[in-house]
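Student: Pasting a structure here, questions to come.
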Amino acid sequence: MDTVVSGTRPTGTLHLGNYFGAVRNYVRLQNEAAKTFYFIADYHSLTTHHQPDTLGDLVRETAATYIAAGLDPDKTCLYVQSDVPETAELYLLFNMVAYKGELEKVPTFKEKIRKHDTNVNAGLLTYPVLMAADILIHRANKVPVGKDQEQHLEMTRHFAQRFNRRFGEDYFPEPVAYNFGNALIKVPGLDGMGKMSKSDNPNSAILFSDEDKAIRKKIMKAKTDAGPTEPGMPLTEEVANLFGLMELVSAPEAVKSFKSSYNDASIRYGDLKKQLAEDMVAFVAPFRERIRELLADRESLDRILRRGGEQARESAQETVRHARAMAGIRYYSA
Ligand code: AMP
């Protein structure tokens, strides 16, 4: 029986990368796995974002996006990370089996210190440890995430293994990054390089809060190249990215037709972008409206999150009780 955990940082409105890389699979798994826990990773967001005045709104917006995407709070446990303080205790325990050297080598850490060089805090360094605690607090075995999280999952397995070995019991599972047997997904950005991301370059990401006009504008401004000059030329990264996005939201016939016009060097990127923009608008608009409706009923959202927090705590308390006992923290008779 599978237990599934995953989460998203409330650092801004969710984008297409979050959806196709992770949230779409959250929804599929809620109907297949025995237990699913999806959280809003507010502690994680504090490593790079200090926004006490808006954090609450972003937490709710993330919750609304989850629900708009199809998560059903009656089938799945939807909660805010900080409503389960047991996670912080497990994080502390796992910090004892995580080594400074291995944490410093993590590429996402190196990348983050490049971007946030005035705030290289210990939370950034130990991000993979908190992530391991998030997953193992429910002893999950499957974690639907995008490609950027693959290495963090490997570290989660190391920490689980080491904790089990150090304290002599095979208690924690070794979870895998999961995409139904397919390769993990990386949704590209519109700036021609890397992944779509909400913090790097806002124009590179299509957000679920974007109005139709903004979506069209971002896509029409997306980077391309000078165009193929002869038949059968390989795709540059910028153009491959546009085709990649088209494959997510456009009809297969449209993708096929533009690919074939690329191959015979007759393609006009303006036409491709117009098609992509219209298909993207058709995909995002209903989401955006649903998110707005959900946000308008704040009471219901809060009720869902509070209930989710209580359910998640029950599961977390059992794990922490056990982990403490494994570590020898059990001094008093009942
Ligand atoms: P984050 O926004 O970094 O908290 O990521 C939340 C989830 O979205 C994680 O599972 C990521 O792997 C996934 N994700 C974020 N950006 C992308 C992207 N561009 N392509 C695929 N998955 C992504």
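Just so we're on the same page: first chain in the structure tokens is A, next is B, and so on; residues restart at 1 for each chain, and ligands are numbered from 1 in the order they show up.
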Show me a table, sorted first by chain and then by increasing residue number, of the residues of chain A having an atom at most 9 Å from ligand 1, each with its shortest atom pair and the distance in Å to one decimal, counting only C-alpha atoms and all ligand atoms and written as JSON lines.
Tutor:
{"residue": "A:Ser6", "atom": "CA", "partner": "ligand 1", "partner_atom_place_in_ligand_line": "10 (O)", "distance": 7.0}
{"residue": "A:Gly7", "atom": "CA", "partner": "ligand 1", "partner_atom_place_in_ligand_line": "6 (C)", "distance": 6.2}
{"residue": "A:Thr8", "atom": "CA", "partner": "ligand 1", "partner_atom_place_in_ligand_line": "4 (O)", "distance": 3.7}
{"residue": "A:Arg9", "atom": "CA", "partner": "ligand 1", "partner_atom_place_in_ligand_line": "4 (O)", "distance": 3.9}
{"residue": "A:Pro10", "atom": "CA", "partner": "ligand 1", "partner_atom_place_in_ligand_line": "4 (O)", "distance": 7.2}
{"residue": "A:Thr11", "atom": "CA", "partner": "ligand 1", "partner_atom_place_in_ligand_line": "2 (O)", "distance": 7.3}
{"residue": "A:Gly12", "atom": "CA", "partner": "ligand 1", "partner_atom_place_in_ligand_line": "2 (O)", "distance": 8.4}
{"residue": "A:Leu14", "atom": "CA", "partner": "ligand 1", "partner_atom_place_in_ligand_line": "2 (O)", "distance": 7.1}
{"residue": "A:His15", "atom": "CA", "partner": "ligand 1", "partner_atom_place_in_ligand_line": "16 (N)", "distance": 7.6}
{"residue": "A:Leu16", "atom": "CA", "partner": "ligand 1", "partner_atom_place_in_ligand_line": "19 (N)", "distance": 7.4}
{"residue": "A:Gly17", "atom": "CA", "partner": "ligand 1", "partner_atom_place_in_ligand_line": "18 (C)", "distance": 3.7}
{"residue": "A:Asn18", "atom": "CA", "partner": "ligand 1", "partner_atom_place_in_ligand_line": "8 (O)", "distance": 3.6}
{"residue": "A:Tyr19", "atom": "CA", "partner": "ligand 1", "partner_atom_place_in_ligand_line": "8 (O)", "distance": 6.8}
{"residue": "A:Phe20", "atom": "CA", "partner": "ligand 1", "partner_atom_place_in_ligand_line": "21 (C)", "distance": 6.2}
{"residue": "A:Gly21", "atom": "CA", "partner": "ligand 1", "partner_atom_place_in_ligand_line": "22 (N)", "distance": 3.4}
{"residue": "A:Ala22", "atom": "CA", "partner": "ligand 1", "partner_atom_place_in_ligand_line": "10 (O)", "distance": 4.7}
{"residue": "A:Val23", "atom": "CA", "partner": "ligand 1", "partner_atom_place_in_ligand_line": "8 (O)", "distance": 7.1}
{"residue": "A:Ile40", "atom": "CA", "partner": "ligand 1", "partner_atom_place_in_ligand_line": "4 (O)", "distance": 8.5}
{"residue": "A:Ala41", "atom": "CA", "partner": "ligand 1", "partner_atom_place_in_ligand_line": "4 (O)", "distance": 7.1}
{"residue": "A:His44", "atom": "CA", "partner": "ligand 1", "partner_atom_place_in_ligand_line": "4 (O)", "distance": 8.1}
{"residue": "A:Ser45", "atom": "CA", "partner": "ligand 1", "partner_atom_place_in_ligand_line": "4 (O)", "distance": 8.0}
{"residue": "A:Val143", "atom": "CA", "partner": "ligand 1", "partner_atom_place_in_ligand_line": "10 (O)", "distance": 8.3}
{"residue": "A:Pro144", "atom": "CA", "partner": "ligand 1", "partner_atom_place_in_ligand_line": "10 (O)", "distance": 6.4}
{"residue": "A:Val145", "atom": "CA", "partner": "ligand 1", "partner_atom_place_in_ligand_line": "10 (O)", "distance": 3.3}
{"residue": "A:Gly146", "atom": "CA", "partner": "ligand 1", "partner_atom_place_in_ligand_line": "12 (O)", "distance": 3.1}
{"residue": "A:Lys147", "atom": "CA", "partner": "ligand 1", "partner_atom_place_in_ligand_line": "12 (O)", "distance": 5.6}
{"residue": "A:Asp148", "atom": "CA", "partner": "ligand 1", "partner_atom_place_in_ligand_line": "12 (O)", "distance": 5.1}
{"residue": "A:Gln149", "atom": "CA", "partner": "ligand 1", "partner_atom_place_in_ligand_line": "12 (O)", "distance": 5.0}
{"residue": "A:Glu150", "atom": "CA", "partner": "ligand 1", "partner_atom_place_in_ligand_line": "12 (O)", "distance": 8.0}
{"residue": "A:Leu184", "atom": "CA", "partner": "ligand 1", "partner_atom_place_in_ligand_line": "21 (C)", "distance": 7.8}
{"residue": "A:Ile185", "atom": "CA", "partner": "ligand 1", "partner_atom_place_in_ligand_line": "21 (C)", "distance": 5.0}
{"residue": "A:Lys186", "atom": "CA", "partner": "ligand 1", "partner_atom_place_in_ligand_line": "20 (N)", "distance": 3.6}
{"residue": "A:Val187", "atom": "CA", "partner": "ligand 1", "partner_atom_place_in_ligand_line": "20 (N)", "distance": 3.7}
{"residue": "A:Pro188", "atom": "CA", "partner": "ligand 1", "partner_atom_place_in_ligand_line": "19 (N)", "distance": 5.6}
{"residue": "A:Gly189", "atom": "CA", "partner": "ligand 1", "partner_atom_place_in_ligand_line": "19 (N)", "distance": 6.8}
{"residue": "A:Gly194", "atom": "CA", "partner": "ligand 1", "partner_atom_place_in_ligand_line": "19 (N)", "distance": 7.9}
{"residue": "A:Lys195", "atom": "CA", "partner": "ligand 1", "partner_atom_place_in_ligand_line": "19 (N)", "distance": 4.2}
{"residue": "A:Met196", "atom": "CA", "partner": "ligand 1", "partner_atom_place_in_ligand_line": "19 (N)", "distance": 3.8}
{"residue": "A:Ser197", "atom": "CA", "partner": "ligand 1", "partner_atom_place_in_ligand_line": "16 (N)", "distance": 5.4}
{"residue": "A:Lys198", "atom": "CA", "partner": "ligand 1", "partner_atom_place_in_ligand_line": "2 (O)", "distance": 7.2}
{"residue": "A:Ser199", "atom": "CA", "partner": "ligand 1", "partner_atom_place_in_ligand_line": "2 (O)", "distance": 8.9}
{"residue": "A:Ala205", "atom": "CA", "partner": "ligand 1", "partner_atom_place_in_ligand_line": "19 (N)", "distance": 8.4}
Student: Do you know which residues are at most 12 Å from range 113-119 of chain A counting only C-alpha atoms, after dropping those on the same chain fewer than 2 positions away, and could you put them as a PyMOL selection string?
Tutor: chain A and resi 46-50+104-111+121-125+199-200
Student: Figure out the distance between CA of Lys112 in chain A and CA of Lys221 in chain A, please, to one decimal in Å.
Tutor: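 Between CA of Lys221 in chain A and CA of Lys112 in chain A the gap works out to 27.0 Å.
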Student: Skipping near chain neighbours, those fewer than 5 positions away, what residues fall within 7 Å of range 261-274 of chain A using only C-alpha atoms, listed as a PDB file with all heavy atoms, in the first residue's frame?
Tutor:
ATOM      1  N   ILE A 219       4.142  34.972 -24.094  1.00  0.00           N
ATOM      2  CA  ILE A 219       4.468  33.982 -25.134  1.00  0.00           C
ATOM      3  C   ILE A 219       4.978  34.676 -26.402  1.00  0.00           C
ATOM      4  O   ILE A 219       5.944  34.231 -27.017  1.00  0.00           O
ATOM      5  CB  ILE A 219       3.276  33.061 -25.406  1.00  0.00           C
ATOM      6  CG1 ILE A 219       3.084  32.199 -24.159  1.00  0.00           C
ATOM      7  CG2 ILE A 219       3.499  32.194 -26.652  1.00  0.00           C
ATOM      8  CD1 ILE A 219       2.023  31.192 -24.215  1.00  0.00           C
ATOM      9  N   MET A 220       4.359  35.792 -26.752  1.00  0.00           N
ATOM     10  CA  MET A 220       4.819  36.469 -27.969  1.00  0.00           C
ATOM     11  C   MET A 220       6.244  37.002 -27.794  1.00  0.00           C
ATOM     12  O   MET A 220       6.978  37.134 -28.768  1.00  0.00           O
ATOM     13  CB  MET A 220       3.868  37.622 -28.369  1.00  0.00           C
ATOM     14  CG  MET A 220       2.458  37.180 -28.769  1.00  0.00           C
ATOM     15  SD  MET A 220       2.326  35.724 -29.844  1.00  0.00           S
ATOM     16  CE  MET A 220       2.808  36.366 -31.430  1.00  0.00           C
ATOM     17  N   PRO A 228      14.984  27.956 -39.083  1.00  0.00           N
ATOM     18  CA  PRO A 228      15.759  26.980 -39.862  1.00  0.00           C
ATOM     19  C   PRO A 228      16.008  27.504 -41.285  1.00  0.00           C
ATOM     20  O   PRO A 228      15.120  28.092 -41.892  1.00  0.00           O
ATOM     21  CB  PRO A 228      14.857  25.746 -39.877  1.00  0.00           C
ATOM     22  CG  PRO A 228      13.487  26.267 -39.621  1.00  0.00           C
ATOM     23  CD  PRO A 228      13.620  27.508 -38.805  1.00  0.00           C
ATOM     24  N   THR A 229      17.204  27.301 -41.769  1.00  0.00           N
ATOM     25  CA  THR A 229      17.522  27.794 -43.116  1.00  0.00           C
ATOM     26  C   THR A 229      17.490  26.678 -44.149  1.00  0.00           C
ATOM     27  O   THR A 229      17.506  26.927 -45.346  1.00  0.00           O
ATOM     28  CB  THR A 229      18.921  28.439 -43.130  1.00  0.00           C
ATOM     29  OG1 THR A 229      19.807  27.528 -42.460  1.00  0.00           O
ATOM     30  CG2 THR A 229      18.921  29.781 -42.432  1.00  0.00           C
ATOM     31  N   GLU A 230      17.479  25.444 -43.657  1.00  0.00           N
ATOM     32  CA  GLU A 230      17.348  24.309 -44.588  1.00  0.00           C
ATOM     33  C   GLU A 230      16.577  23.191 -43.901  1.00  0.00           C
ATOM     34  O   GLU A 230      16.488  23.175 -42.668  1.00  0.00           O
ATOM     35  CB  GLU A 230      18.735  23.817 -45.016  1.00  0.00           C
ATOM     36  CG  GLU A 230      19.626  23.498 -43.845  1.00  0.00           C
ATOM     37  CD  GLU A 230      21.053  23.189 -44.281  1.00  0.00           C
ATOM     38  OE1 GLU A 230      21.835  24.150 -44.448  1.00  0.00           O
ATOM     39  OE2 GLU A 230      21.332  21.991 -44.448  1.00  0.00           O
ATOM     40  N   PRO A 231      16.006  22.261 -44.647  1.00  0.00           N
ATOM     41  CA  PRO A 231      15.214  21.192 -44.041  1.00  0.00           C
ATOM     42  C   PRO A 231      16.053  20.325 -43.096  1.00  0.00           C
ATOM     43  O   PRO A 231      17.258  20.163 -43.309  1.00  0.00           O
ATOM     44  CB  PRO A 231      14.742  20.368 -45.247  1.00  0.00           C
ATOM     45  CG  PRO A 231      14.834  21.285 -46.409  1.00  0.00           C
ATOM     46  CD  PRO A 231      15.965  22.222 -46.121  1.00  0.00           C
ATOM     47  N   GLY A 232      15.362  19.825 -42.040  1.00  0.00           N
ATOM     48  CA  GLY A 232      15.988  18.832 -41.155  1.00  0.00           C
ATOM     49  C   GLY A 232      16.985  19.396 -40.158  1.00  0.00           C
ATOM     50  O   GLY A 232      17.778  18.649 -39.594  1.00  0.00           O
ATOM     51  N   MET A 233      16.968  20.700 -39.919  1.00  0.00           N
ATOM     52  CA  MET A 233      17.931  21.250 -38.941  1.00  0.00           C
ATOM     53  C   MET A 233      17.521  20.877 -37.505  1.00  0.00           C
ATOM     54  O   MET A 233      16.346  20.793 -37.205  1.00  0.00           O
ATOM     55  CB  MET A 233      17.982  22.785 -39.070  1.00  0.00           C
ATOM     56  CG  MET A 233      18.912  23.227 -40.194  1.00  0.00           C
ATOM     57  SD  MET A 233      18.900  24.996 -40.380  1.00  0.00           S
ATOM     58  CE  MET A 233      19.817  25.518 -38.951  1.00  0.00           C
TER      59      MET A 233
END
Student: Between A:Val129, A:Asn201, A:His138, A:Gly192, which is the closest to Asp225 in chain A once you count only C-alpha atoms?
Tutor: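 Among the listed residues, the smallest separation from Asp225 in chain A belongs to A:Gly192.
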Student: Considering only strand (DSSP E) as DSSP defines it on the backbone, what residues of range 100-279 of chain A qualify? List them as a ChimeraX atom specification.
Tutor: /A:142-143,176-177
Student: Apply DSSP to the structure's backbone, then extract all residues of range 107-333 of chain A labelled helix (DSSP H, G or I) and return them as a ChimeraX atom specification.
Tutor: /A:107-115,122-125,127-136,147-167,202-204,212-220,237-249,252-263,269-296,298-326
Student: Can you work out which one of A:Glu154, A:Glu86, A:Glu211, A:Asp72 has the shortest atom-to-atom distance to Val281 in chain A, counting only C-alpha atoms?
Tutor: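 Result for the nearest residue to Val281 in chain A: A:Glu211.
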Student: May I have the residues within 10 Å of Gly70 in chain A as a list in words, using only C-alpha atoms and disregarding those fewer than 6 positions away in the same chain?
Tutor: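 Near Gly70 in chain A, the qualifying residues are Val23, Arg24, Tyr26, Val27, Arg28, Gln30 and Ala64 of chain A.
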Student: Can I get the selected residues back with C-alpha atoms, as a PDB file, in the first residue's frame?
Tutor:
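What ended up in selection26.pdb:
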ATOM      1  CA  VAL A  23       0.507  18.857  -8.929  1.00  0.00           C
ATOM      2  CA  ARG A  24      -1.039  16.961 -11.845  1.00  0.00           C
ATOM      3  CA  TYR A  26      -0.752  14.673  -6.877  1.00  0.00           C
ATOM      4  CA  VAL A  27      -4.260  14.539  -8.293  1.00  0.00           C
ATOM      5  CA  ARG A  28      -3.774  11.231 -10.084  1.00  0.00           C
ATOM      6  CA  GLN A  30      -5.043  10.741  -4.688  1.00  0.00           C
ATOM      7  CA  ALA A  64      -6.708  27.097  -3.683  1.00  0.00           C
TER       8      ALA A  64
END
Student: List the neighbours of Lys213 in chain A out to 12 Å using only C-alpha atoms; skip same-chain residues closer than 2 positions along the sequence, and give me the result as a JSON list (two decimals) with N, CA and C atoms, in the first residue's frame.
Tutor:
[["chain", "number", "residue", "atom", "x", "y", "z"],
["A", 206, "ILE", "N", 4.59, 31.03, -16.85],
["A", 206, "ILE", "CA", 3.16, 31.28, -17.00],
["A", 206, "ILE", "C", 2.52, 30.92, -15.65],
["A", 209, "SER", "N", -2.24, 32.82, -12.10],
["A", 209, "SER", "CA", -2.98, 34.08, -11.87],
["A", 209, "SER", "C", -2.88, 35.00, -13.09],
["A", 210, "ASP", "N", -2.12, 34.62, -14.11],
["A", 210, "ASP", "CA", -1.95, 35.51, -15.27],
["A", 210, "ASP", "C", -3.26, 35.71, -16.03],
["A", 211, "GLU", "N", -3.51, 36.98, -16.37],
["A", 211, "GLU", "CA", -4.67, 37.29, -17.22],
["A", 211, "GLU", "C", -4.34, 36.89, -18.65],
["A", 215, "ILE", "N", -0.62, 36.44, -20.57],
["A", 215, "ILE", "CA", -0.16, 35.16, -21.13],
["A", 215, "ILE", "C", 0.27, 35.36, -22.58],
["A", 216, "ARG", "N", -0.60, 36.05, -23.34],
["A", 216, "ARG", "CA", -0.27, 36.28, -24.76],
["A", 216, "ARG", "C", 1.03, 37.07, -24.88],
["A", 217, "LYS", "N", 1.16, 38.07, -24.03],
["A", 217, "LYS", "CA", 2.35, 38.93, -24.11],
["A", 217, "LYS", "C", 3.62, 38.13, -23.81],
["A", 218, "LYS", "N", 3.56, 37.32, -22.74],
["A", 218, "LYS", "CA", 4.75, 36.55, -22.37],
["A", 218, "LYS", "C", 5.15, 35.59, -23.50],
["A", 219, "ILE", "N", 4.14, 34.97, -24.09],
["A", 219, "ILE", "CA", 4.47, 33.98, -25.13],
["A", 219, "ILE", "C", 4.98, 34.68, -26.40],
["A", 220, "MET", "N", 4.36, 35.79, -26.75],
["A", 220, "MET", "CA", 4.82, 36.47, -27.97],
["A", 220, "MET", "C", 6.24, 37.00, -27.79],
["A", 277, "ALA", "N", -0.11, 30.64, -27.64],
["A", 277, "ALA", "CA", -0.73, 31.61, -26.73],
["A", 277, "ALA", "C", -2.22, 31.31, -26.55],
["A", 278, "GLU", "N", -2.91, 31.02, -27.66],
["A", 278, "GLU", "CA", -4.36, 30.76, -27.55],
["A", 278, "GLU", "C", -4.61, 29.48, -26.76],
["A", 280, "MET", "N", -2.69, 28.18, -24.52],
["A", 280, "MET", "CA", -2.31, 28.42, -23.12],
["A", 280, "MET", "C", -3.42, 29.18, -22.40],
["A", 281, "VAL", "N", -3.96, 30.19, -23.07],
["A", 281, "VAL", "CA", -5.06, 30.96, -22.47],
["A", 281, "VAL", "C", -6.22, 30.02, -22.16],
["A", 284, "VAL", "N", -5.25, 27.96, -19.04],
["A", 284, "VAL", "CA", -5.07, 28.65, -17.75],
["A", 284, "VAL", "C", -6.36, 29.31, -17.25],
["A", 285, "ALA", "N", -7.16, 29.89, -18.19],
["A", 285, "ALA", "CA", -8.30, 30.73, -17.76],
["A", 285, "ALA", "C", -9.26, 30.02, -16.78]]
Student: Between CA of Tyr331 in chain A and CA of Asp134 in chain A, what is the distance in Å, rounded to a tenth?
Tutor: 26.3 Å
Student: What's around Cys77 in chain A at 9 Å? Count only C-alpha atoms, leave out sequence neighbours fewer than 2 positions away in its own chain, and write the answer as a ChimeraX atom specification.
Tutor: /A:35-39,72-75,79,305,307-309,311-312
Student: Would you pick out the contacts of Arg306 in chain A at 9 Å or less, using only C-alpha atoms, so that residues sharing its chain but fewer than 3 positions from it are not included, and give the list as an NGL selection string?
Tutor: :A and (78-80 or 83 or 301-303 or 309-311)
Student: CA of Ala334 in chain A to CA of Glu318 in chain A: how many Å, to one decimal?
Tutor: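 Answer for the CA of Ala334 in chain A to CA of Glu318 in chain A separation: 15.7 Å.
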Student: With distances taken over only C-alpha atoms, which of A:Glu299, A:Asp42, A:Glu293, A:Glu89 is nearest to Arg321 in chain A?
Tutor: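 Among the listed residues, A:Glu89 lies closest to Arg321 in chain A.
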